[in-house]
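Novice: Have a peek at my_file34.cif (mmCIF, C-alpha atoms).
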```cif
data_target
#
loop_
_atom_site.group_PDB
_atom_site.id
_atom_site.type_symbol
_atom_site.label_atom_id
_atom_site.label_comp_id
_atom_site.auth_asym_id
_atom_site.auth_seq_id
_atom_site.Cartn_x
_atom_site.Cartn_y
_atom_site.Cartn_z
ATOM 1 C CA MET A 22 63.315 -33.857 -19.112
ATOM 2 C CA ARG A 23 61.488 -30.649 -18.346
ATOM 3 C CA LEU A 24 62.579 -27.367 -19.992
ATOM 4 C CA ASP A 25 62.507 -24.184 -18.003
ATOM 5 C CA GLN A 26 59.716 -21.981 -19.405
ATOM 6 C CA SER A 27 61.876 -18.925 -18.766
ATOM 7 C CA LEU A 28 64.084 -20.008 -21.682
ATOM 8 C CA PHE A 29 61.223 -19.209 -24.037
ATOM 9 C CA ASP A 30 60.350 -15.839 -22.517
ATOM 10 C CA PRO A 31 62.647 -13.826 -24.851
ATOM 11 C CA LEU A 32 61.057 -15.505 -27.885
ATOM 12 C CA THR A 33 57.614 -14.724 -26.561
ATOM 13 C CA ASP A 34 58.574 -11.085 -26.035
ATOM 14 C CA VAL A 35 59.915 -10.817 -29.595
ATOM 15 C CA SER A 36 56.725 -12.391 -30.988
ATOM 16 C CA GLU A 37 54.505 -9.994 -29.047
ATOM 17 C CA THR A 38 56.624 -7.024 -30.196
ATOM 18 C CA LEU A 39 56.289 -8.088 -33.846
ATOM 19 C CA VAL A 40 52.523 -8.438 -33.469
ATOM 20 C CA MET A 41 52.288 -5.005 -31.889
ATOM 21 C CA ASN A 42 54.470 -3.535 -34.648
ATOM 22 C CA ASP A 43 52.222 -5.130 -37.258
ATOM 23 C CA LEU A 44 49.114 -3.763 -35.566
ATOM 24 C CA THR A 45 50.600 -0.270 -35.419
ATOM 25 C CA ARG A 46 51.814 -0.426 -39.009
ATOM 26 C CA ASN A 47 48.434 -1.619 -40.269
ATOM 27 C CA ARG A 48 46.595 1.115 -38.390
ATOM 28 C CA VAL A 49 48.883 3.712 -39.932
ATOM 29 C CA LEU A 50 48.421 2.191 -43.397
ATOM 30 C CA TRP A 51 44.625 2.174 -43.022
ATOM 31 C CA ALA A 52 44.775 5.821 -41.935
ATOM 32 C CA ILE A 53 46.985 6.703 -44.919
ATOM 33 C CA SER A 54 44.594 4.949 -47.306
ATOM 34 C CA LEU A 55 41.539 6.669 -45.817
ATOM 35 C CA LEU A 56 43.106 10.122 -45.820
ATOM 36 C CA PHE A 57 44.450 9.668 -49.330
ATOM 37 C CA GLY A 58 40.958 8.699 -50.486
ATOM 38 C CA VAL A 59 39.574 11.879 -48.894
ATOM 39 C CA PHE A 60 42.347 13.878 -50.542
ATOM 40 C CA ALA A 61 41.531 12.280 -53.916
ATOM 41 C CA PHE A 62 37.884 13.268 -53.485
ATOM 42 C CA LEU A 63 38.831 16.845 -52.563
ATOM 43 C CA LYS A 64 40.600 17.209 -55.924
ATOM 44 C CA ALA A 65 37.139 17.249 -57.506
ATOM 45 C CA THR A 66 35.721 19.931 -55.200
ATOM 46 C CA PRO A 67 35.969 23.748 -55.233
ATOM 47 C CA LEU A 68 38.767 23.373 -52.660
ATOM 48 C CA ALA A 69 41.106 21.985 -55.331
ATOM 49 C CA PRO A 70 42.430 25.350 -56.641
ATOM 50 C CA GLY A 71 43.570 26.270 -53.145
ATOM 51 C CA LEU A 72 45.410 22.963 -52.866
ATOM 52 C CA MET A 73 47.035 23.180 -56.299
ATOM 53 C CA ALA A 74 50.466 24.049 -54.886
ATOM 54 C CA VAL A 75 50.652 20.828 -52.867
ATOM 55 C CA ILE A 76 48.532 18.415 -54.931
ATOM 56 C CA PRO A 77 51.396 17.049 -57.101
ATOM 57 C CA ALA A 78 53.712 16.421 -54.145
ATOM 58 C CA ILE A 79 51.025 14.844 -51.945
ATOM 59 C CA SER A 80 49.755 12.742 -54.857
ATOM 60 C CA ILE A 81 53.200 11.156 -55.229
ATOM 61 C CA ILE A 82 54.872 11.289 -51.804
ATOM 62 C CA VAL A 83 51.962 9.652 -49.931
ATOM 63 C CA PRO A 84 51.767 6.601 -52.265
ATOM 64 C CA THR A 85 55.554 6.240 -51.989
ATOM 65 C CA VAL A 86 55.360 6.241 -48.191
ATOM 66 C CA PHE A 87 52.546 3.678 -48.342
ATOM 67 C CA ALA A 88 54.562 1.440 -50.675
ATOM 68 C CA PHE A 89 57.655 1.446 -48.474
ATOM 69 C CA MET A 90 55.690 0.922 -45.242
ATOM 70 C CA HIS A 91 53.606 -1.900 -46.693
ATOM 71 C CA GLY A 92 56.428 -3.433 -48.713
ATOM 72 C CA SER A 93 58.978 -3.459 -45.902
ATOM 73 C CA ARG A 94 56.777 -6.022 -44.162
ATOM 74 C CA ARG A 95 55.759 -7.997 -47.208
ATOM 75 C CA LEU A 96 58.999 -8.097 -49.213
ATOM 76 C CA GLY A 97 61.608 -6.638 -46.870
ATOM 77 C CA TRP A 98 63.726 -3.499 -47.194
ATOM 78 C CA PRO A 99 66.440 -4.910 -49.511
ATOM 79 C CA THR A 100 63.857 -6.045 -52.075
ATOM 80 C CA MET A 101 61.904 -2.799 -51.804
ATOM 81 C CA LEU A 102 65.038 -0.733 -52.389
ATOM 82 C CA THR A 103 65.844 -2.925 -55.393
ATOM 83 C CA PHE A 104 62.282 -2.406 -56.655
ATOM 84 C CA PHE A 105 62.647 1.356 -56.237
ATOM 85 C CA ALA A 106 65.979 1.380 -58.095
ATOM 86 C CA ILE A 107 64.560 -0.630 -61.014
ATOM 87 C CA ALA A 108 61.469 1.584 -61.295
ATOM 88 C CA PHE A 109 63.552 4.763 -60.996
ATOM 89 C CA VAL A 110 66.135 3.835 -63.632
ATOM 90 C CA VAL A 111 63.741 2.301 -66.170
ATOM 91 C CA SER A 112 61.133 5.067 -65.920
ATOM 92 C CA TRP A 113 63.725 7.853 -66.084
ATOM 93 C CA CYS A 114 65.423 6.297 -69.103
ATOM 94 C CA MET A 115 62.177 5.725 -71.003
ATOM 95 C CA GLU A 116 60.776 9.168 -70.167
ATOM 96 C CA SER A 117 64.039 10.873 -71.146
ATOM 97 C CA LEU A 118 64.216 8.866 -74.370
ATOM 98 C CA SER A 119 60.661 9.783 -75.337
ATOM 99 C CA ILE A 120 61.117 13.476 -74.578
ATOM 100 C CA ALA A 121 64.196 13.441 -76.819
ATOM 101 C CA THR A 122 62.965 11.169 -79.638
ATOM 102 C CA GLY A 123 59.220 10.535 -79.289
ATOM 103 C CA PHE A 124 59.698 6.844 -78.415
ATOM 104 C CA PRO A 125 57.952 5.129 -76.666
ATOM 105 C CA PHE A 126 55.275 7.576 -75.425
ATOM 106 C CA GLY A 127 55.189 10.197 -78.155
ATOM 107 C CA HIS A 128 56.415 13.801 -78.295
ATOM 108 C CA TYR A 129 55.833 15.801 -75.119
ATOM 109 C CA HIS A 130 57.579 17.822 -72.455
ATOM 110 C CA TYR A 131 57.042 18.493 -68.767
ATOM 111 C CA THR A 132 56.128 21.957 -67.561
ATOM 112 C CA GLU A 133 57.336 23.455 -64.282
ATOM 113 C CA ARG A 134 54.239 22.310 -62.348
ATOM 114 C CA LEU A 135 55.924 19.154 -61.036
ATOM 115 C CA GLY A 136 58.982 20.918 -59.662
ATOM 116 C CA PRO A 137 62.717 20.200 -60.011
ATOM 117 C CA LYS A 138 63.903 17.887 -62.777
ATOM 118 C CA LEU A 139 66.584 15.291 -63.302
ATOM 119 C CA GLY A 140 67.514 16.172 -66.846
ATOM 120 C CA THR A 141 64.155 16.681 -68.559
ATOM 121 C CA VAL A 142 62.096 14.543 -66.153
ATOM 122 C CA PRO A 143 60.640 15.878 -62.868
ATOM 123 C CA LEU A 144 62.035 14.132 -59.800
ATOM 124 C CA LEU A 145 58.495 13.320 -58.642
ATOM 125 C CA ILE A 146 57.798 11.137 -61.685
ATOM 126 C CA MET A 147 60.069 8.226 -60.789
ATOM 127 C CA PRO A 148 58.653 7.704 -57.260
ATOM 128 C CA ALA A 149 55.162 7.847 -58.801
ATOM 129 C CA TYR A 150 56.060 4.940 -61.074
ATOM 130 C CA PHE A 151 57.510 3.006 -58.153
ATOM 131 C CA ALA A 152 54.551 3.491 -55.814
ATOM 132 C CA MET A 153 51.850 2.520 -58.300
ATOM 133 C CA CYS A 154 54.016 -0.283 -59.684
ATOM 134 C CA TYR A 155 54.243 -1.740 -56.179
ATOM 135 C CA VAL A 156 50.474 -1.617 -55.686
ATOM 136 C CA SER A 157 49.862 -3.055 -59.183
ATOM 137 C CA TRP A 158 52.422 -5.838 -58.591
ATOM 138 C CA ASN A 159 50.546 -6.944 -55.490
ATOM 139 C CA LEU A 160 47.168 -6.722 -57.213
ATOM 140 C CA ALA A 161 48.460 -8.968 -59.987
ATOM 141 C CA HIS A 162 49.394 -11.543 -57.335
ATOM 142 C CA ILE A 163 45.904 -11.277 -55.854
ATOM 143 C CA VAL A 164 44.151 -11.643 -59.214
ATOM 144 C CA LEU A 165 46.267 -14.722 -59.961
ATOM 145 C CA ASN A 166 45.623 -16.116 -56.465
ATOM 146 C CA LYS A 167 49.378 -16.152 -55.823
ATOM 147 C CA PHE A 168 50.029 -15.237 -52.204
ATOM 148 C CA ASP A 169 53.538 -16.657 -51.857
ATOM 149 C CA HIS A 170 57.055 -15.553 -52.764
ATOM 150 C CA ARG A 171 58.001 -18.472 -54.995
ATOM 151 C CA ALA A 172 59.770 -17.275 -58.146
ATOM 152 C CA ASP A 173 57.890 -19.773 -60.296
ATOM 153 C CA ALA A 174 56.672 -19.445 -63.881
ATOM 154 C CA LEU A 175 53.571 -17.580 -62.695
ATOM 155 C CA GLN A 176 55.651 -14.840 -61.103
ATOM 156 C CA ARG A 177 58.230 -14.745 -63.897
ATOM 157 C CA PHE A 178 55.780 -14.398 -66.772
ATOM 158 C CA ALA A 179 52.120 -13.951 -65.772
ATOM 159 C CA VAL A 180 52.502 -11.444 -62.922
ATOM 160 C CA PRO A 181 54.480 -8.869 -64.988
ATOM 161 C CA VAL A 182 51.873 -8.914 -67.778
ATOM 162 C CA ILE A 183 48.843 -8.636 -65.475
ATOM 163 C CA ALA A 184 50.542 -5.971 -63.329
ATOM 164 C CA ALA A 185 51.304 -3.936 -66.460
ATOM 165 C CA PHE A 186 47.622 -4.000 -67.478
ATOM 166 C CA ILE A 187 46.571 -2.895 -63.977
ATOM 167 C CA MET A 188 49.113 -0.075 -64.023
ATOM 168 C CA VAL A 189 47.954 1.203 -67.426
ATOM 169 C CA MET A 190 44.348 1.253 -66.152
ATOM 170 C CA TRP A 191 45.456 4.037 -63.814
ATOM 171 C CA ASP A 192 47.097 5.984 -66.636
ATOM 172 C CA LEU A 193 44.007 5.618 -68.838
ATOM 173 C CA SER A 194 41.993 7.229 -66.040
ATOM 174 C CA MET A 195 44.548 9.910 -65.198
ATOM 175 C CA ASP A 196 46.623 11.108 -68.158
ATOM 176 C CA PRO A 197 44.150 13.393 -69.985
ATOM 177 C CA SER A 198 43.296 15.370 -66.849
ATOM 178 C CA ARG A 199 46.969 15.842 -65.931
ATOM 179 C CA ALA A 200 47.943 16.861 -69.477
ATOM 180 C CA THR A 201 45.003 18.658 -71.097
ATOM 181 C CA VAL A 202 43.530 20.168 -67.905
ATOM 182 C CA SER A 203 46.377 20.632 -65.405
ATOM 183 C CA GLN A 204 49.088 20.860 -68.091
ATOM 184 C CA ALA A 205 51.686 19.137 -65.945
ATOM 185 C CA TRP A 206 52.954 17.874 -69.286
ATOM 186 C CA ILE A 207 52.146 18.923 -72.851
ATOM 187 C CA TRP A 208 51.595 16.591 -75.803
ATOM 188 C CA HIS A 209 53.069 18.455 -78.766
ATOM 189 C CA ASP A 210 50.721 16.938 -81.340
ATOM 190 C CA GLY A 211 47.707 16.394 -79.104
ATOM 191 C CA GLY A 212 45.928 13.069 -79.398
ATOM 192 C CA SER A 213 42.587 11.379 -79.975
ATOM 193 C CA TYR A 214 42.071 10.469 -76.307
ATOM 194 C CA PHE A 215 41.210 13.945 -75.001
ATOM 195 C CA GLY A 216 44.532 15.339 -76.186
ATOM 196 C CA VAL A 217 46.628 12.259 -75.364
ATOM 197 C CA PRO A 218 48.027 10.114 -78.199
ATOM 198 C CA PHE A 219 47.265 6.407 -78.551
ATOM 199 C CA VAL A 220 50.977 5.572 -78.554
ATOM 200 C CA ASN A 221 51.366 6.946 -75.017
ATOM 201 C CA PHE A 222 49.473 4.014 -73.525
ATOM 202 C CA MET A 223 51.430 1.493 -75.583
ATOM 203 C CA GLY A 224 54.592 3.142 -74.289
ATOM 204 C CA TRP A 225 53.269 2.969 -70.746
ATOM 205 C CA PHE A 226 52.571 -0.730 -71.075
ATOM 206 C CA LEU A 227 56.058 -1.364 -72.438
ATOM 207 C CA THR A 228 57.743 0.697 -69.729
ATOM 208 C CA VAL A 229 55.952 -0.768 -66.729
ATOM 209 C CA TYR A 230 56.179 -4.275 -68.203
ATOM 210 C CA LEU A 231 59.967 -3.839 -68.356
ATOM 211 C CA ILE A 232 59.992 -2.749 -64.706
ATOM 212 C CA PHE A 233 57.937 -5.776 -63.647
ATOM 213 C CA GLN A 234 59.820 -8.238 -65.810
ATOM 214 C CA ILE A 235 63.218 -7.072 -64.557
ATOM 215 C CA LEU A 236 61.934 -7.267 -60.979
ATOM 216 C CA ALA A 237 60.654 -10.812 -61.554
ATOM 217 C CA LEU A 238 64.034 -11.910 -62.916
ATOM 218 C CA VAL A 239 65.877 -10.242 -60.023
ATOM 219 C CA LEU A 240 63.609 -11.990 -57.518
ATOM 220 C CA GLN A 241 64.306 -15.285 -59.250
ATOM 221 C CA LYS A 242 68.047 -14.676 -58.831
ATOM 222 C CA GLN A 243 67.538 -13.791 -55.170
ATOM 223 C CA GLN A 244 65.254 -16.758 -54.515
ATOM 224 C CA SER A 245 65.820 -18.269 -51.116
ATOM 225 C CA PRO A 246 63.579 -20.189 -48.739
ATOM 226 C CA ARG A 247 61.203 -17.708 -47.103
ATOM 227 C CA ASP A 248 58.617 -18.195 -44.425
ATOM 228 C CA PRO A 249 55.461 -16.461 -45.722
ATOM 229 C CA THR A 250 54.425 -15.694 -42.149
ATOM 230 C CA THR A 251 57.489 -13.521 -41.536
ATOM 231 C CA ASN A 252 56.769 -11.589 -44.728
ATOM 232 C CA GLY A 253 53.080 -11.025 -44.092
ATOM 233 C CA ASP A 254 51.933 -13.049 -47.094
ATOM 234 C CA ASP A 255 49.464 -15.148 -45.130
ATOM 235 C CA ARG A 256 47.810 -12.145 -43.504
ATOM 236 C CA ARG A 257 44.527 -11.255 -45.153
ATOM 237 C CA GLU A 258 44.633 -7.690 -43.845
ATOM 238 C CA SER A 259 47.944 -7.034 -45.585
ATOM 239 C CA TRP A 260 46.421 -7.835 -48.976
ATOM 240 C CA HIS A 261 43.219 -5.903 -48.236
ATOM 241 C CA LEU A 262 45.355 -2.851 -47.420
ATOM 242 C CA ASN A 263 46.910 -2.951 -50.861
ATOM 243 C CA THR A 264 43.481 -3.077 -52.511
ATOM 244 C CA ALA A 265 42.250 -0.273 -50.265
ATOM 245 C CA PHE A 266 45.024 2.040 -51.385
ATOM 246 C CA TYR A 267 44.362 1.321 -55.053
ATOM 247 C CA PHE A 268 40.698 2.113 -54.350
ATOM 248 C CA ALA A 269 41.708 5.384 -52.652
ATOM 249 C CA THR A 270 43.592 6.312 -55.829
ATOM 250 C CA PHE A 271 40.550 5.381 -57.909
ATOM 251 C CA VAL A 272 38.159 7.659 -55.934
ATOM 252 C CA GLU A 273 39.362 10.794 -57.722
ATOM 253 C CA PHE A 274 38.028 9.789 -61.136
ATOM 254 C CA PRO A 275 34.326 9.104 -60.442
ATOM 255 C CA ALA A 276 34.384 12.130 -58.115
ATOM 256 C CA MET A 277 35.611 14.325 -60.960
ATOM 257 C CA ALA A 278 32.923 12.893 -63.258
ATOM 258 C CA TRP A 279 30.304 13.790 -60.661
ATOM 259 C CA LEU A 280 31.487 17.206 -59.467
ATOM 260 C CA ALA A 281 33.724 18.836 -62.077
ATOM 261 C CA LYS A 282 32.360 21.901 -63.828
ATOM 262 C CA ASP A 283 32.222 22.088 -67.592
ATOM 263 C CA GLN A 284 34.708 24.283 -69.421
ATOM 264 C CA VAL A 285 36.249 24.502 -72.860
ATOM 265 C CA LEU A 286 39.750 23.039 -73.158
ATOM 266 C CA THR A 287 42.195 23.337 -76.021
ATOM 267 C CA ASP A 288 45.167 20.989 -76.473
ATOM 268 C CA ALA A 289 48.485 21.740 -78.187
ATOM 269 C CA ALA A 290 47.034 20.687 -81.553
ATOM 270 C CA LYS A 291 44.296 23.339 -81.123
ATOM 271 C CA VAL A 292 41.600 20.695 -80.760
ATOM 272 C CA VAL A 293 38.765 21.806 -78.472
ATOM 273 C CA TRP A 294 37.424 19.486 -75.777
ATOM 274 C CA SER A 295 34.636 19.665 -73.204
ATOM 275 C CA SER A 296 35.962 19.078 -69.695
ATOM 276 C CA ARG A 297 32.599 17.575 -68.669
ATOM 277 C CA ALA A 298 32.796 15.019 -71.478
ATOM 278 C CA MET A 299 36.398 14.283 -70.536
ATOM 279 C CA PHE A 300 35.813 13.755 -66.820
ATOM 280 C CA GLU A 301 32.692 11.676 -67.340
ATOM 281 C CA SER A 302 34.549 9.483 -69.835
ATOM 282 C CA LEU A 303 37.531 9.094 -67.498
ATOM 283 C CA GLY A 304 35.143 8.257 -64.663
ATOM 284 C CA LEU A 305 33.551 5.504 -66.729
ATOM 285 C CA VAL A 306 36.951 4.157 -67.735
ATOM 286 C CA ALA A 307 38.076 4.115 -64.094
ATOM 287 C CA ILE A 308 34.914 2.430 -62.811
ATOM 288 C CA PHE A 309 35.069 -0.419 -65.302
ATOM 289 C CA THR A 310 38.850 -0.932 -65.117
ATOM 290 C CA MET A 311 40.267 0.134 -61.740
ATOM 291 C CA GLY A 312 36.923 -0.396 -59.996
ATOM 292 C CA PHE A 313 36.605 -3.862 -61.466
ATOM 293 C CA VAL A 314 40.107 -4.790 -60.277
ATOM 294 C CA CYS A 315 39.269 -3.528 -56.770
ATOM 295 C CA CYS A 316 36.151 -5.737 -56.650
ATOM 296 C CA LEU A 317 38.005 -8.742 -58.030
ATOM 297 C CA ALA A 318 40.865 -8.294 -55.569
ATOM 298 C CA PHE A 319 38.579 -7.823 -52.579
ATOM 299 C CA PHE A 320 36.638 -11.046 -53.193
ATOM 300 C CA SER A 321 39.781 -12.971 -54.139
ATOM 301 C CA VAL A 322 41.456 -12.075 -50.837
ATOM 302 C CA ARG A 323 38.278 -12.694 -48.856
ATOM 303 C CA GLN A 324 37.878 -16.200 -50.281
ATOM 304 C CA ALA A 325 41.561 -17.208 -50.178
ATOM 305 C CA ARG A 326 41.700 -20.122 -47.753
ATOM 306 C CA GLN A 327 45.475 -19.896 -47.299
ATOM 307 C CA LEU A 328 45.149 -16.451 -45.691
ATOM 308 C CA THR A 329 44.374 -15.864 -42.039
#
```
Please go through the file and, once you have read it, give me the structure as structure tokens.

Specialist:
Amino acid sequence: MRLDQSLFDPLTDVSETLVMNDLTRNRVLWAISLLFGVFAFLKATPLAPGLMAVIPAISIIVPTVFAFMHGSRRLGWPTMLTFFAIAFVVSWCMESLSIATGFPFGHYHYTERLGPKLGTVPLLIMPAYFAMCYVSWNLAHIVLNKFDHRADALQRFAVPVIAAFIMVMWDLSMDPSRATVSQAWIWHDGGSYFGVPFVNFMGWFLTVYLIFQILALVLQKQQSPRDPTTNGDDRRESWHLNTAFYFATFVEFPAMAWLAKDQVLTDAAKVVWSSRAMFESLGLVAIFTMGFVCCLAFFSVRQARQLT
């Protein structure tokens, strides 16, 4: 029996459309990553003061757009919206709790630099958690050589821990400049890490770990047979894109170490800091934490035989 080839034409058309959509999406994501890297570099240049009005919004909205565009292909819209809801609720609750009580981050408050607030927390903060949590979640999968969707023990327990470490690497590189220099938030008692308290980073680890662990348990509940091909998990470029965006975020910190001018800074505890010492230290931290993860992820994806 011979089947009429025309019966398969609609399937062929759908396949070609999906490929074209993937190509277009990837080109847009590469462009976003490149432009965001350029933007991150510009933060360290004399152009930064002129961009100050838009820097906070761009720094958060662009990563959020990247996360949704990349994640809609990899995890699907329902899972991405669930991810966003988890990150939003957990981060808002923990931030609000700490502003009110000092747990888990310490005593601080947000200034007006980040715009409108939900209660005591700027609305931009929750999407920032979500976007970087998404990138860190994927990087944890890469580091663990886990390129599938199976809700196994590795995803339930190992991925949340590794993703939390990767997320805190970003905060270690970023928090002092946002607090002591830009004063987007103020630490009431200062802190030993260029005006930021030690407990802040422990609080960050706890908060993002909760986000990842809740997500892992939700994914386990939602577990259903999935074809990795339809979710982009077997596509090497998809994983490289995630690493590229994390690298674009990283660019700011060595650039600041290289280009930032020295000035005297004073935190809320009246401790005086050198901005040059701060930016060079943050640059070193970023290079040997975020930079290391970028290298590890790049070679892990490149050598993964299950990816095409």

Novice: Which is closest to Ala289 in chain A among A:Pro181, A:Gly212, A:Pro137, A:Pro143, if we use all atoms listed in the file?

Specialist: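 Ranking A:Pro181, A:Gly212, A:Pro137, A:Pro143 by distance to Ala289 in chain A, first place goes to A:Gly212.
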
Novice: Find, counting all atoms listed in the file, the residue in A:Pro148, A:Pro99, A:Pro77, A:Gly92 that gets nearest to Trp113 in chain A.

Specialist: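 Selected residue with least distance to Trp113 in chain A: A:Pro148.
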
Novice: For each of A:Ser80, A:Thr45, A:Thr100, A:Ser194, take the minimum atom-to-atom distance to Leu305 in chain A, counting all atoms listed in the file, then give the residue where this is smallest.

Specialist: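 For Leu305 in chain A, the nearest of the given residues is A:Ser194.
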
Novice: My list of candidates is A:Trp206, A:Phe57, A:Phe300, A:Tyr214. Which is closest to Glu116 in chain A when distances are computed with only C-alpha atoms?

Specialist: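 Closest candidate: A:Trp206.
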
Novice: Restricting the calculation to all atoms listed in the file: of A:Leu328, A:Cys154, A:Tyr129, A:Ala61, which residue gets closest to Leu231 in chain A?

Specialist: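 Checking each candidate against Leu231 in chain A, we get A:Cys154 as the closest.
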
Novice: When you count only C-alpha atoms, which of these residues is closest to Ser198 in chain A: A:Leu238, A:Met223, A:Ala281, A:Met90?

Specialist: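 Going through A:Leu238, A:Met223, A:Ala281, A:Met90 one by one, the smallest distance to Ser198 in chain A is for A:Ala281.
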
Novice: One number please: CA of Phe124 in chain A to CA of Thr201 in chain A, in Å, one decimal.

Specialist: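 Interatomic distance here is 20.2 Å.
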
Novice: Pick out the residues sitting within 12 Å of Ala298 in chain A, and hand them over as an mmCIF file with C-alpha atoms, in the coordinates of the input; count only C-alpha atoms, and ignore anything fewer than 3 positions along from it in its own chain.

Specialist:
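The result, stored in out_3.cif:
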```cif
data_model
loop_
_atom_site.group_PDB
_atom_site.id
_atom_site.type_symbol
_atom_site.label_atom_id
_atom_site.label_comp_id
_atom_site.auth_asym_id
_atom_site.auth_seq_id
_atom_site.Cartn_x
_atom_site.Cartn_y
_atom_site.Cartn_z
ATOM 1 C CA PRO A 197 44.150 13.393 -69.985
ATOM 2 C CA SER A 198 43.296 15.370 -66.849
ATOM 3 C CA TYR A 214 42.071 10.469 -76.307
ATOM 4 C CA PHE A 215 41.210 13.945 -75.001
ATOM 5 C CA MET A 277 35.611 14.325 -60.960
ATOM 6 C CA ALA A 278 32.923 12.893 -63.258
ATOM 7 C CA TRP A 279 30.304 13.790 -60.661
ATOM 8 C CA ALA A 281 33.724 18.836 -62.077
ATOM 9 C CA LYS A 282 32.360 21.901 -63.828
ATOM 10 C CA ASP A 283 32.222 22.088 -67.592
ATOM 11 C CA GLN A 284 34.708 24.283 -69.421
ATOM 12 C CA VAL A 285 36.249 24.502 -72.860
ATOM 13 C CA LEU A 286 39.750 23.039 -73.158
ATOM 14 C CA VAL A 293 38.765 21.806 -78.472
ATOM 15 C CA TRP A 294 37.424 19.486 -75.777
ATOM 16 C CA SER A 295 34.636 19.665 -73.204
ATOM 17 C CA GLU A 301 32.692 11.676 -67.340
ATOM 18 C CA SER A 302 34.549 9.483 -69.835
ATOM 19 C CA LEU A 303 37.531 9.094 -67.498
ATOM 20 C CA GLY A 304 35.143 8.257 -64.663
ATOM 21 C CA LEU A 305 33.551 5.504 -66.729
#
```

Novice: Hey, what comes out of the PyMOL selection byres ((chain A and resi 326) around 12) on this file? Could you write it as an MDAnalysis selection string?

Specialist: chainID A and resid 166:168 255:257 320:325 327:329

Novice: CA of Val314 in chain A to CA of Trp191 in chain A: how many Å, to one decimal?

Specialist: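 Taking CA of Val314 in chain A and CA of Trp191 in chain A, their separation equals 10.9 Å.
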
Novice: Translate the PyMOL selection byres ((chain A and resi 239) around 10) into a concrete residue list for this structure, as number ranges by chain.

Specialist: A: 100, 103-104, 107, 172, 177, 233-238, 240-244

Novice: Assuming the chain letters and numbering stay as they are in my file, what does the PyMOL selection byres ((chain A and resi 186) around 12) actually select? List them as JSON, numbers by chain.

Specialist: {"A": [154, 157, 158, 160, 161, 164, 179, 180, 181, 182, 183, 184, 185, 187, 188, 189, 190, 191, 192, 193, 222, 223, 225, 226, 227, 228, 229, 230, 233, 310, 311, 314]}

Novice: Could you work out how far CA of Val217 in chain A lies from CA of Val292 in chain A, giving the answer in Å with one decimal?

Specialist: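 Computing it gives 11.2 Å between the two atoms.
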
Novice: Report as lines of an AutoDock Vina configuration file the centre and the edge lengths, in Å to one decimal, of the axis-aligned box holding every listed atom of range 80-95 of chain A, padded by 4 Å on each side.

Specialist:
```
center_x = 54.4
center_y = 2.4
center_z = -49.7
size_x = 17.2
size_y = 28.7
size_z = 19.1
```
